[in-house]
Structure formats: structure tokens, C-alpha cells
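**Q** Before I ask anything, let me first share the structure, which is written out below as C-alpha cells.
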Amino acid sequence: GHRDILHPISLEGLSINNPIVGSSPNTGEVSFIAIHRLDDLNRQMTLAKRKQQSVFLDYYADWCTDCVRMKKTTFRNKDVVNTLANFVCLQVDVTDPNDTNLRALKQAYGVFGPPAMLFFNPEGIEIKQHRTYGYRSSEIFLSMVKSI
């Protein structure tokens with residue numbers, strides 16, 4: 001990768017225009033709702049609060065090695081998939097550094113970059129002690145989620 005923190009690797013050849021859309025639980029993966037703009041995020045948070053559902057918010061990027069690793073391992077673990085089925089799972093794709101909507105999406109919760117994982121209670125309040133950055137194995141992730 002490059003030494004520039006804002007551009008750790010070249011984005012050439014990456015498919016940055018394809019939205020991240022979660023698969024159905026039948027595929028054995030966590031099913032994420034793709035968030036592209038701040039009003040999308042606010043709408044989903046409001047819906048979850050109305051339904052009294054907890055929220056898992058994941059900030060992801062294709063160029064983020066820890067994000068890709070979690071997508072291939074942690075978020076395919078059947079226990080993680082089953083546990084997160086009780087949450088509204090939202091994912092903000094921050095792959096494209098030129099996307100003007102991303103600044104507002106990161107600033108909404110003071111996130112500096114991926115992977116960032118935030119949890120919210122059914123009242124829509126972030127459970128700050130569970131905010132985490134970086135790779136989490138299935139075991140560590142599960143123990144964190146089950147303590148919510």
C-alpha cells in the first residue's frame with residue numbers, strides 16, 4: 001500500500017460503484033442494509049427505534065483489509081449471523097474517497113474510518129462502550145454482541 005493514510009492503496013481496478021447489499025440470511029452471511037446518504041441512515045435509525053430494535057452499524061470499504069477479512073470470516077460465522085438477526089444491520093460503504101456523501105456519514109457519529117462498528121439500543125442511543133475499530137474474530141465479536 002501507499003504511505004498516505006488517506007489513500008492506503010490504489011483504487012484502480014476496484015469496483016467502487018457497486019453498492020454493498022447484504023445477502024439473505026439463507027446464504028449464511030449477515031444481511032446488511034446499504035446506506036449511501038445521511039438521510040438514509042437517519043430514516044433507518046428512526047424505523048428501528050419505532051420498532052424497538054437494536055442497530056448494528058458497520059463502516060466498510062473494499063480497500064480495507066480488516067473489513068474484507070471480517071466479511072469473509074466473522075460475518076459468515078453462523079453464530080454471528082444468527083445473533084445479528086435480532087439487529088437491524090446497516091452498512092456504510094466508504095470505499096470511494098470522492099463520494100461527497102461520505103463526510104456527513106462519518107461525521108454523524110464521529111467515525112474516522114473503517115472498519116468501525118457501532119451498536120445502538122432500541123431507543124436509538126449508541127452503546128459507546130461497544131464501539132470498536134479494527135478486525136474482530138467471530139469469538140470476540142460474539143462475546144461483545146451477547147453482552148449488549
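Letters for chains follow the order of the C-alpha cells (A, B, ...), residue numbers begin at 1 for each chain, and ligand numbers begin at 1 in the order shown.
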Need the shell around Ala48 of chain A: protein/DNA/RNA residues with any atom at most 8 Å away, counting only C-alpha atoms. Skip same-chain ones fewer than 6 positions apart. Format as a ChimeraX atom specification?
**A** /A:54-55,88,122,124
**Q** DSSP on the backbone, then: every residue of chain A marked strand (DSSP E), written as a list in words.
**A**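 So the strand (DSSP E) residues in chain A would be Ile33, Ala34, Ile35, Ser54, Val55, Phe56, Leu57, Asp58, Tyr59, Tyr60, Phe87, Val88, Cys89, Leu90, Gln91, Val92, Asp93, Ala116, Met117, Leu118, Phe119, Phe120, Thr132 and Tyr133 of chain A.
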**Q** Which one of A:Asn101, A:Gly134, A:Ile35, A:Val80 sits closest to Leu57 of chain A if you count only C-alpha atoms?
**A** A:Ile35
**Q** Extract the full set of helix (DSSP H, G or I) residues from segment 13-102 of chain A according to DSSP on the backbone, and format it as a VMD selection string.
**A** chain A and resid 25 to 27 38 to 50 65 to 72 74 to 76 78 to 84 102
**Q** Which residues are near Val92 of chain A? Cut-off 9 Å, only C-alpha atoms, ignore same chain within fewer than 2 positions. Put them as a list of chain:residue names.
**A**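 My reading of the contact set: A:Ile20, A:Ile33, A:Ala34, A:Ile35, A:His36, A:Arg37, A:Leu41, A:Leu57, A:Asp58, A:Tyr59, A:Tyr60, A:Ala61, A:Leu90, A:Val94, A:Leu102, A:Leu105, A:Lys106.
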**Q** If you count only C-alpha atoms, which residues fall within 10 Å of Arg136 of chain A, apart from same-chain ones fewer than 2 positions away, as a PyMOL selection string?
**A** chain A and resi 66-67+69-70+73-74+115+117+132-134+138-142+144
**Q** Report the distance between atom CA of Lys128 of chain A and atom CA of Arg76 of chain A in Å, rounded to one decimal place.
**A** 24.8 Å
**Q** Tell me, in Å to one decimal, how far atom CA of Thr95 of chain A is from atom CA of Trp63 of chain A.
**A**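 Answer for the atom CA of Thr95 of chain A to atom CA of Trp63 of chain A separation: 6.6 Å.
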